[in-house]
file query29.txt (compact mmCIF, C-alpha atoms and all ligand atoms)
# COMPACT_ATOMS: atom_id res chain seq x y z
CA MET A 529 103.12 97.62 117.26
CA GLN A 530 102.73 95.78 120.56
CA ILE A 531 99.84 98.03 121.49
CA PHE A 532 98.35 97.56 118.04
CA TRP A 533 98.29 93.78 118.42
CA TRP A 534 96.84 94.04 121.93
CA ALA A 535 94.09 96.26 120.50
CA VAL A 536 93.48 93.76 117.67
CA GLY A 537 93.12 91.01 120.28
CA VAL A 538 90.61 93.05 122.29
CA PHE A 539 88.70 93.92 119.12
CA VAL A 540 88.44 90.31 117.98
CA VAL A 541 87.30 89.05 121.42
CA VAL A 542 84.75 91.83 121.98
CA GLU A 543 83.32 91.75 118.46
CA GLY A 544 83.31 87.94 118.49
CA VAL A 545 81.32 87.76 121.72
CA LEU A 546 79.01 90.50 120.47
CA LEU A 547 78.33 88.75 117.15
CA TYR A 548 77.82 85.44 118.90
CA ALA A 549 75.28 87.03 121.27
CA VAL A 550 73.47 88.79 118.43
CA VAL A 551 73.07 85.59 116.45
CA ARG A 552 72.57 83.15 119.31
CA TRP A 553 69.99 85.18 121.23
CA ARG A 554 68.30 87.08 118.42
CA GLU A 555 64.57 87.68 118.77
CA LYS A 556 62.32 84.80 117.82
CA PRO A 557 58.54 84.75 118.22
CA GLU A 558 58.51 81.50 120.21
CA ARG A 559 61.04 82.80 122.79
CA GLY A 560 58.92 85.36 124.65
CA ARG A 561 60.56 87.89 127.04
CA PRO A 562 64.08 87.05 128.19
CA ARG A 563 64.85 86.52 131.86
CA GLU A 564 66.13 89.69 133.51
CA VAL A 565 69.52 89.48 135.20
CA HIS A 566 70.71 91.99 137.78
CA GLY A 567 74.47 91.87 138.12
CA ASN A 568 76.95 89.09 138.43
CA VAL A 569 79.77 89.73 140.89
CA LEU A 570 82.20 87.37 139.24
CA MET A 571 81.71 88.90 135.80
CA GLU A 572 81.88 92.46 137.16
CA ILE A 573 85.24 91.68 138.75
CA GLY A 574 86.38 89.90 135.59
CA TRP A 575 85.68 92.70 133.17
CA THR A 576 87.17 95.27 135.53
CA LEU A 577 90.35 93.30 136.08
CA ALA A 578 90.96 92.22 132.48
CA PRO A 579 91.21 95.76 131.00
CA ALA A 580 93.23 96.90 134.01
CA LEU A 581 95.70 94.08 133.40
CA ILE A 582 95.89 94.83 129.69
CA LEU A 583 96.60 98.51 130.46
CA VAL A 584 99.36 97.53 132.87
CA VAL A 585 100.95 95.34 130.20
CA ILE A 586 100.70 98.17 127.63
CA ALA A 587 102.11 100.63 130.16
CA ILE A 588 105.38 98.73 130.58
CA PRO A 589 106.84 99.29 127.06
CA THR A 590 105.15 102.70 126.79
CA ILE A 591 106.67 104.10 129.97
CA ARG A 592 110.03 102.55 129.14
CA THR A 593 109.99 104.30 125.75
CA ILE A 594 108.86 107.60 127.25
CA PHE A 595 111.82 107.58 129.63
CA LEU A 596 114.19 106.42 126.89
CA VAL A 597 113.34 109.29 124.54
CA ASP A 598 113.04 111.77 127.39
CA ARG A 599 116.59 111.61 128.61
CA PRO A 600 119.29 113.29 126.53
CA PRO A 601 120.99 110.98 124.03
CA THR A 602 124.08 109.25 125.38
CA ASP A 603 125.64 108.94 121.92
CA PRO A 604 128.74 111.21 121.87
CA ASP A 605 128.61 111.25 118.07
CA ALA A 606 125.11 112.77 117.96
CA LEU A 607 124.50 115.50 115.40
CA VAL A 608 123.20 118.55 117.24
CA ILE A 609 120.63 120.72 115.45
CA GLU A 610 119.32 123.86 117.11
CA VAL A 611 115.69 124.23 116.11
CA THR A 612 114.03 127.60 116.59
CA GLY A 613 110.29 127.93 116.16
CA ARG A 614 109.20 131.27 114.73
CA GLN A 615 105.90 132.65 113.55
CA TRP A 616 105.44 130.73 111.20
CA TRP A 617 108.50 128.83 110.10
CA TRP A 618 111.38 126.77 111.42
CA GLU A 619 115.04 127.66 111.70
CA PHE A 620 117.61 124.87 111.73
CA HIS A 621 121.14 125.66 112.84
CA TYR A 622 123.93 123.08 112.76
CA PRO A 623 126.59 124.43 115.15
CA GLU A 624 129.08 121.70 114.18
CA LEU A 625 128.79 122.54 110.47
CA GLY A 626 128.11 126.27 110.65
CA ILE A 627 124.97 125.84 108.55
CA THR A 628 121.71 127.70 109.04
CA THR A 629 118.68 126.78 106.99
CA ALA A 630 114.92 126.90 107.22
CA ASN A 631 112.00 124.52 107.17
CA GLU A 632 113.95 121.58 105.78
CA ALA A 633 116.45 119.75 107.96
CA HIS A 634 118.82 117.31 106.29
CA VAL A 635 120.09 114.49 108.51
CA PRO A 636 122.22 111.42 107.80
CA VAL A 637 120.65 107.99 108.15
CA GLY A 638 121.81 105.90 111.11
CA ARG A 639 123.22 108.78 113.14
CA THR A 640 121.70 110.04 116.37
CA ILE A 641 120.04 113.40 115.83
CA ASP A 642 119.93 115.62 118.90
CA LEU A 643 117.45 118.48 118.53
CA ARG A 644 117.67 121.50 120.85
CA LEU A 645 114.29 123.15 120.68
CA ARG A 646 113.77 126.86 121.32
CA SER A 647 111.24 129.47 120.44
CA ALA A 648 111.78 133.03 119.32
CA ASP A 649 108.22 134.15 120.11
CA VAL A 650 105.35 131.91 121.26
CA ILE A 651 104.94 128.21 122.02
CA HIS A 652 105.30 125.94 119.00
CA SER A 653 105.51 122.18 118.86
CA PHE A 654 107.92 120.15 116.76
CA TRP A 655 106.22 117.11 115.32
CA VAL A 656 107.42 114.76 112.59
CA PRO A 657 105.08 111.83 113.21
CA ARG A 658 107.16 109.10 111.57
CA LEU A 659 110.33 110.15 113.39
CA GLY A 660 108.69 109.74 116.76
CA GLY A 661 107.88 112.17 119.49
CA LYS A 662 106.36 115.60 119.64
CA ARG A 663 107.83 118.30 121.80
CA ASP A 664 106.99 121.90 122.55
CA LEU A 665 109.33 124.81 121.87
CA VAL A 666 108.84 127.14 124.79
CA PRO A 667 110.10 130.74 124.97
CA GLY A 668 112.84 131.11 127.55
CA ARG A 669 113.84 127.46 127.80
CA GLU A 670 115.48 124.73 125.79
CA ASN A 671 113.83 121.37 125.26
CA GLU A 672 115.48 118.36 123.75
CA LEU A 673 114.28 115.65 121.42
CA TRP A 674 116.32 112.95 119.74
CA PHE A 675 115.90 110.13 117.30
CA ARG A 676 118.00 107.92 115.05
CA PRO A 677 116.54 107.62 111.54
CA ASP A 678 116.87 104.14 110.08
CA SER A 679 115.74 104.74 106.49
CA VAL A 680 116.30 107.47 103.93
CA GLY A 681 113.41 109.57 102.69
CA VAL A 682 111.48 112.77 103.15
CA PHE A 683 109.50 112.99 106.37
CA TRP A 684 106.71 115.52 106.77
CA GLY A 685 106.22 117.48 109.92
CA GLN A 686 103.91 120.12 111.24
CA CYS A 687 103.77 122.58 114.11
CA ALA A 688 101.43 120.95 116.59
CA GLU A 689 100.70 123.79 118.98
CA PHE A 690 98.38 126.62 117.98
CA CYS A 691 100.69 129.59 117.57
CA GLY A 692 98.68 132.21 115.70
CA THR A 693 97.18 132.95 112.31
CA ALA A 694 99.42 130.80 110.13
CA HIS A 695 99.86 127.92 112.59
CA ALA A 696 98.27 125.42 110.21
CA LEU A 697 100.73 126.50 107.50
CA MET A 698 103.83 126.00 109.65
CA GLY A 699 105.05 122.80 108.05
CA LEU A 700 108.50 121.29 107.85
CA ARG A 701 110.42 118.46 106.23
CA VAL A 702 113.14 116.26 107.62
CA ILE A 703 115.15 114.82 104.77
CA VAL A 704 117.05 111.71 105.77
CA ASP A 705 120.01 111.30 103.42
CA SER A 706 122.52 108.52 102.91
CA PRO A 707 125.83 109.46 104.60
CA GLN A 708 127.33 110.43 101.19
CA ASP A 709 124.34 112.57 100.23
CA PHE A 710 124.44 114.24 103.61
CA GLU A 711 128.16 115.01 103.20
CA ALA A 712 127.42 116.55 99.81
CA TRP A 713 124.53 118.58 101.22
CA ALA A 714 126.64 119.79 104.15
CA ALA A 715 129.53 120.77 101.85
CA ALA A 716 127.22 122.69 99.51
CA ASN A 717 125.26 124.38 102.29
CA GLY A 718 128.33 125.27 104.31
CA ALA A 719 129.61 127.38 101.44
CA ASP A 720 128.74 131.00 100.74
CA ALA A 721 125.97 131.77 98.30
CA ALA A 722 126.48 131.04 94.62
CA ARG A 723 127.07 133.97 92.28
CA PRO A 724 124.24 134.59 89.84
CA VAL A 725 125.10 133.22 86.42
CA ASP A 726 122.76 134.99 84.01
CA ALA A 727 121.64 138.55 83.48
CA GLU A 728 118.20 138.07 84.97
CA ALA A 729 119.55 136.54 88.19
CA ARG A 730 122.20 139.29 88.40
CA ALA A 731 119.46 141.88 88.12
CA GLY A 732 117.56 139.97 90.80
CA ARG A 733 120.51 140.18 93.14
CA GLY A 734 120.52 143.95 92.60
CA VAL A 735 116.82 144.11 93.48
CA PHE A 736 117.37 142.03 96.62
CA MET A 737 120.36 144.02 97.85
CA SER A 738 118.76 147.42 97.29
CA ASN A 739 115.44 146.66 98.98
CA ALA A 740 114.13 145.82 102.44
CA CYS A 741 114.90 142.12 101.81
CA VAL A 742 118.40 142.55 103.28
CA SER A 743 117.14 143.73 106.64
CA CYS A 744 115.31 140.44 107.31
CA HIS A 745 117.20 137.77 105.37
CA GLU A 746 120.78 136.62 105.38
CA ILE A 747 122.53 135.45 102.23
CA ARG A 748 126.03 134.47 103.30
CA GLY A 749 128.75 136.05 101.23
CA THR A 750 126.66 139.14 100.48
CA VAL A 751 125.69 142.30 102.35
CA ALA A 752 122.35 140.74 103.31
CA LYS A 753 122.67 139.99 107.03
CA GLY A 754 119.09 140.18 108.30
CA GLN A 755 118.10 137.76 111.05
CA LEU A 756 114.32 138.05 111.23
CA GLY A 757 113.40 135.84 108.30
CA PRO A 758 114.74 132.55 106.94
CA ASP A 759 118.38 132.34 105.83
CA LEU A 760 118.29 132.28 102.03
CA THR A 761 121.91 131.38 101.29
CA HIS A 762 120.86 128.13 99.61
CA VAL A 763 117.12 128.64 99.26
CA GLY A 764 117.22 127.36 95.66
CA SER A 765 118.16 123.88 96.88
CA ARG A 766 115.10 123.49 99.09
CA LEU A 767 112.15 121.40 98.02
CA THR A 768 109.54 123.85 99.27
CA ILE A 769 109.01 127.49 100.17
CA GLY A 770 106.76 129.21 102.71
CA ALA A 771 107.41 126.56 105.43
CA GLY A 772 106.47 123.53 103.40
CA LEU A 773 103.62 125.31 101.67
CA LEU A 774 104.57 125.41 97.98
CA ASP A 775 106.92 123.43 95.77
CA ASN A 776 110.03 125.42 95.15
CA ASN A 777 109.94 126.51 91.52
CA LEU A 778 110.05 129.75 89.55
CA GLU A 779 106.30 130.16 89.23
CA ASN A 780 105.65 129.62 92.96
CA LEU A 781 108.52 131.88 93.98
CA ILE A 782 107.05 134.66 91.88
CA ARG A 783 103.64 134.11 93.46
CA TRP A 784 105.18 134.01 96.92
CA ILE A 785 107.16 137.25 96.53
CA ASP A 786 104.29 138.98 94.79
CA ALA A 787 101.44 138.12 97.16
CA THR A 788 102.88 136.49 100.27
CA ARG A 789 99.91 137.22 102.47
CA GLU A 790 97.42 135.90 99.96
CA VAL A 791 99.34 132.66 99.72
CA LYS A 792 99.93 132.46 103.49
CA PRO A 793 97.52 134.65 105.46
CA GLY A 794 99.25 136.12 108.48
CA ALA A 795 102.80 135.76 107.11
CA LEU A 796 105.02 138.46 108.56
CA MET A 797 106.99 139.19 105.38
CA PRO A 798 106.05 142.72 104.38
CA GLU A 799 105.02 143.28 100.80
CA VAL A 800 107.70 145.25 99.04
CA ASP A 801 106.63 147.44 96.17
CA LEU A 802 108.24 145.83 93.14
CA THR A 803 107.46 145.76 89.44
CA GLU A 804 106.47 142.52 87.79
CA GLN A 805 109.87 142.41 86.11
CA GLN A 806 111.71 142.91 89.42
CA VAL A 807 109.73 140.08 91.04
CA ARG A 808 110.67 137.78 88.17
CA GLN A 809 114.35 138.76 88.45
CA LEU A 810 114.27 138.25 92.22
CA ALA A 811 112.74 134.79 91.83
CA ALA A 812 115.39 133.84 89.25
CA TYR A 813 118.13 134.97 91.62
CA LEU A 814 116.73 133.05 94.61
CA LEU A 815 116.18 129.88 92.62
CA GLY A 816 119.82 130.06 91.52
CA LEU A 817 121.01 130.01 95.16
CA ARG A 818 121.56 126.30 95.23
CU1 LIG B 901 104.00 127.14 115.34
CU2 LIG B 901 101.78 126.29 115.50

call {"tool": "encode", "arguments": {"input": "query29.txt", "output": "structure tokens"}}
result
Amino acid sequence: MQIFWWAVGVFVVVEGVLLYAVVRWREKPERGRPREVHGNVLMEIGWTLAPALILVVIAIPTIRTIFLVDRPPTDPDALVIEVTGRQWWWEFHYPELGITTANEAHVPVGRTIDLRLRSADVIHSFWVPRLGGKRDLVPGRENELWFRPDSVGVFWGQCAEFCGTAHALMGLRVIVDSPQDFEAWAAANGADAARPVDAEARAGRGVFMSNACVSCHEIRGTVAKGQLGPDLTHVGSRLTIGAGLLDNNLENLIRWIDATREVKPGALMPEVDLTEQQVRQLAAYLLGLR
């Protein structure tokens, strides 16, 4: 905001002088050719020094903030989230809570959030504009980024480093909850997967467990222990699917399972040969994993 107001000041002064000059010295027939002026040492020094001074003043809070967010958080109560960038989705692991989820990170308002950023393949970049900062996830090293959210809400993010075909579709959400809502989310997501309640969902579980799905996805409390794709233990409780691409509902889940690579070109989920009925059952099962 400080920089914004400095920029407003510069804008008003520059545009004001410009408008004044345009009006005051506009062409008039009786004026003839203006006198030509070649340089003015005082003015040259003035308009070199003034911007330099303004930049110095802007640099002070900027550099202070850069160093502040760059060093690890000092708050011993910080909530650590291990973020892993993958082609083309995000894994969030909460070591303290034993929760693994994908593409949507829940955090409590007012608490320091300490992100440990890693990559499983190529360079990605974690960027949730309204939560401040953008930081790369680099294979073979761990970067850190922290913030303390001060209002509840859903904050959109996006991978900000070109990482292959579906880079532009590698979105994420950070959902800032009230402390009570976060507790409830953590309790629900720390538990094993819900049992399917109706016949269709039960059939869907059968489809999931007897196909290739299990070799890539984990659903805690079942035989599905795959680690290549997103953890689906509570996929039904997420707002979106496909890394922020589609709203999470039955229709979109069916579309997603049925034609993943049409919906998200480049997606690495292989297309499994399933009947229309099986896809519908599978979607019902996944949506029930709340
Ligand atoms: Cu990941 Cu771009």

call {"tool": "residues_near_ligand", "arguments": {"input": "query29.txt", "ligand": "ligand LIG 901 (chain B)", "cutoff": "9 Å", "atoms": "all atoms listed in the file", "output": "list in words"}}
result
Gly613, Arg614, Gln615, Trp616, Trp617, Trp618, Val650, Ile651, His652, Ser653, Phe654, Leu665, Gln686, Cys687, Ala688, Glu689, Phe690, Cys691, Gly692, Thr693, Ala694, His695, Ala696, Leu697, Met698 and Gly699 of chain A

call {"tool": "closest_residue", "arguments": {"input": "query29.txt", "among": "A:Ile769, A:Val545, A:Ala630, A:Val538", "to": "Gln755 in chain A", "atoms": "all atoms listed in the file"}}
result
A:Ala630

call {"tool": "closest_residue", "arguments": {"input": "query29.txt", "among": "A:Gly567, A:Val550, A:Gly668, A:Leu673", "to": "Val608 in chain A", "atoms": "only C-alpha atoms"}}
result
A:Leu673

call {"tool": "closest_residue", "arguments": {"input": "query29.txt", "among": "A:Tyr813, A:Trp684, A:Phe710, A:Trp674", "to": "Thr761 in chain A", "atoms": "only C-alpha atoms"}}
result
A:Tyr813

call {"tool": "residues_around", "arguments": {"input": "query29.txt", "residues": "range 778-789 of chain A", "least_positions_apart": "4", "cutoff": "8 Å", "atoms": "all atoms listed in the file", "output": "PyMOL selection string"}}
result
chain A and resi 769-770+774+793-795+797+799+807-808+811-812+815

call {"tool": "axis_aligned_box", "arguments": {"input": "query29.txt", "around": "range 551-566 of chain A", "padding_each_side": "8 Å", "output": "lines of an AutoDock Vina configuration file"}}
result
center_x = 65.8
center_y = 86.7
center_z = 127.1
size_x = 30.6
size_y = 26.5
size_z = 37.3

call {"tool": "atom_distance", "arguments": {"input": "query29.txt", "atom1": "CA of Ile586 in chain A", "atom2": "CA of Gln530 in chain A"}}
result
7.7 Å

call {"tool": "closest_residue", "arguments": {"input": "query29.txt", "among": "A:Cys741, A:Gly626, A:Leu596, A:Asp705", "to": "Lys753 in chain A", "atoms": "only C-alpha atoms"}}
result
A:Cys741

call {"tool": "closest_residue", "arguments": {"input": "query29.txt", "among": "A:Leu796, A:Leu767, A:Leu817, A:Ala740", "to": "Val725 in chain A", "atoms": "only C-alpha atoms"}}
result
A:Leu817

call {"tool": "atom_distance", "arguments": {"input": "query29.txt", "atom1": "CA of Val635 in chain A", "atom2": "CA of Glu619 in chain A"}}
result
14.5 Å

call {"tool": "atom_distance", "arguments": {"input": "query29.txt", "atom1": "CA of Asp759 in chain A", "atom2": "CA of Glu746 in chain A"}}
result
4.9 Å

call {"tool": "decode", "arguments": {"input": "query29.txt", "residues": "range 560-571 of chain A", "atoms": "all heavy atoms", "output": "mmCIF file, in the first residue's frame"}}
result
data_model
loop_
_atom_site.group_PDB
_atom_site.id
_atom_site.type_symbol
_atom_site.label_atom_id
_atom_site.label_comp_id
_atom_site.auth_asym_id
_atom_site.auth_seq_id
_atom_site.Cartn_x
_atom_site.Cartn_y
_atom_site.Cartn_z
ATOM 1 N N GLY A 560 3.858 31.454 -33.269
ATOM 2 C CA GLY A 560 5.049 31.166 -34.081
ATOM 3 C C GLY A 560 5.813 29.973 -33.533
ATOM 4 O O GLY A 560 5.294 29.200 -32.711
ATOM 5 N N ARG A 561 7.081 29.765 -33.946
ATOM 6 C CA ARG A 561 7.873 28.619 -33.480
ATOM 7 C C ARG A 561 8.382 28.866 -32.075
ATOM 8 O O ARG A 561 8.825 29.964 -31.747
ATOM 9 C CB ARG A 561 9.065 28.404 -34.419
ATOM 10 C CG ARG A 561 8.683 27.805 -35.762
ATOM 11 C CD ARG A 561 9.901 27.715 -36.654
ATOM 12 N NE ARG A 561 10.913 26.798 -36.107
ATOM 13 C CZ ARG A 561 10.852 25.482 -36.259
ATOM 14 N NH1 ARG A 561 9.874 24.930 -36.937
ATOM 15 N NH2 ARG A 561 11.790 24.711 -35.758
ATOM 16 N N PRO A 562 8.310 27.836 -31.197
ATOM 17 C CA PRO A 562 8.836 28.036 -29.846
ATOM 18 C C PRO A 562 10.359 28.114 -29.857
ATOM 19 O O PRO A 562 11.006 27.626 -30.785
ATOM 20 C CB PRO A 562 8.352 26.797 -29.097
ATOM 21 C CG PRO A 562 8.130 25.775 -30.150
ATOM 22 C CD PRO A 562 7.793 26.487 -31.419
ATOM 23 N N ARG A 563 10.899 28.705 -28.795
ATOM 24 C CA ARG A 563 12.345 28.780 -28.633
ATOM 25 C C ARG A 563 12.883 27.380 -28.327
ATOM 26 O O ARG A 563 12.291 26.642 -27.556
ATOM 27 C CB ARG A 563 12.656 29.715 -27.459
ATOM 28 C CG ARG A 563 14.096 30.120 -27.309
ATOM 29 C CD ARG A 563 14.193 31.300 -26.330
ATOM 30 N NE ARG A 563 13.590 30.958 -25.030
ATOM 31 C CZ ARG A 563 14.284 30.362 -24.030
ATOM 32 N NH1 ARG A 563 15.560 30.057 -24.189
ATOM 33 N NH2 ARG A 563 13.683 30.089 -22.879
ATOM 34 N N GLU A 564 13.996 27.031 -28.947
ATOM 35 C CA GLU A 564 14.549 25.695 -28.692
ATOM 36 C C GLU A 564 15.486 25.735 -27.491
ATOM 37 O O GLU A 564 16.292 26.648 -27.364
ATOM 38 C CB GLU A 564 15.271 25.171 -29.938
ATOM 39 C CG GLU A 564 14.285 24.828 -31.036
ATOM 40 C CD GLU A 564 14.908 24.066 -32.188
ATOM 41 O OE1 GLU A 564 15.952 23.430 -31.982
ATOM 42 O OE2 GLU A 564 14.326 24.117 -33.275
ATOM 43 N N VAL A 565 15.359 24.743 -26.619
ATOM 44 C CA VAL A 565 16.165 24.706 -25.399
ATOM 45 C C VAL A 565 17.014 23.444 -25.423
ATOM 46 O O VAL A 565 16.500 22.368 -25.677
ATOM 47 C CB VAL A 565 15.252 24.698 -24.151
ATOM 48 C CG1 VAL A 565 16.092 24.633 -22.896
ATOM 49 C CG2 VAL A 565 14.345 25.923 -24.148
ATOM 50 N N HIS A 566 18.304 23.577 -25.206
ATOM 51 C CA HIS A 566 19.166 22.391 -25.183
ATOM 52 C C HIS A 566 19.711 22.156 -23.790
ATOM 53 O O HIS A 566 20.724 22.711 -23.396
ATOM 54 C CB HIS A 566 20.321 22.545 -26.185
ATOM 55 C CG HIS A 566 19.847 22.509 -27.593
ATOM 56 N ND1 HIS A 566 19.519 21.344 -28.254
ATOM 57 C CD2 HIS A 566 19.596 23.514 -28.473
ATOM 58 C CE1 HIS A 566 19.114 21.616 -29.475
ATOM 59 N NE2 HIS A 566 19.139 22.940 -29.650
ATOM 60 N N GLY A 567 18.967 21.349 -23.017
ATOM 61 C CA GLY A 567 19.473 20.936 -21.714
ATOM 62 C C GLY A 567 19.404 22.012 -20.660
ATOM 63 O O GLY A 567 19.381 23.204 -20.953
ATOM 64 N N ASN A 568 19.288 21.515 -19.421
ATOM 65 C CA ASN A 568 19.260 22.384 -18.265
ATOM 66 C C ASN A 568 19.824 21.555 -17.126
ATOM 67 O O ASN A 568 19.194 20.623 -16.641
ATOM 68 C CB ASN A 568 17.814 22.817 -17.986
ATOM 69 C CG ASN A 568 17.713 23.709 -16.755
ATOM 70 O OD1 ASN A 568 18.410 23.485 -15.753
ATOM 71 N ND2 ASN A 568 16.860 24.711 -16.827
ATOM 72 N N VAL A 569 21.066 21.876 -16.737
ATOM 73 C CA VAL A 569 21.793 21.009 -15.799
ATOM 74 C C VAL A 569 21.009 20.804 -14.506
ATOM 75 O O VAL A 569 20.865 19.675 -14.025
ATOM 76 C CB VAL A 569 23.185 21.609 -15.493
ATOM 77 C CG1 VAL A 569 23.916 20.768 -14.440
ATOM 78 C CG2 VAL A 569 24.002 21.697 -16.772
ATOM 79 N N LEU A 570 20.447 21.871 -14.005
ATOM 80 C CA LEU A 570 19.725 21.779 -12.741
ATOM 81 C C LEU A 570 18.546 20.806 -12.843
ATOM 82 O O LEU A 570 18.316 19.962 -11.969
ATOM 83 C CB LEU A 570 19.229 23.180 -12.344
ATOM 84 C CG LEU A 570 19.282 23.483 -10.846
ATOM 85 C CD1 LEU A 570 20.704 23.357 -10.315
ATOM 86 C CD2 LEU A 570 18.696 24.856 -10.561
ATOM 87 N N MET A 571 17.784 20.932 -13.936
ATOM 88 C CA MET A 571 16.627 20.057 -14.105
ATOM 89 C C MET A 571 17.066 18.605 -14.336
ATOM 90 O O MET A 571 16.446 17.674 -13.825
ATOM 91 C CB MET A 571 15.751 20.547 -15.253
ATOM 92 C CG MET A 571 14.961 21.789 -14.877
ATOM 93 S SD MET A 571 13.878 22.329 -16.180
ATOM 94 C CE MET A 571 12.568 21.115 -16.047
#
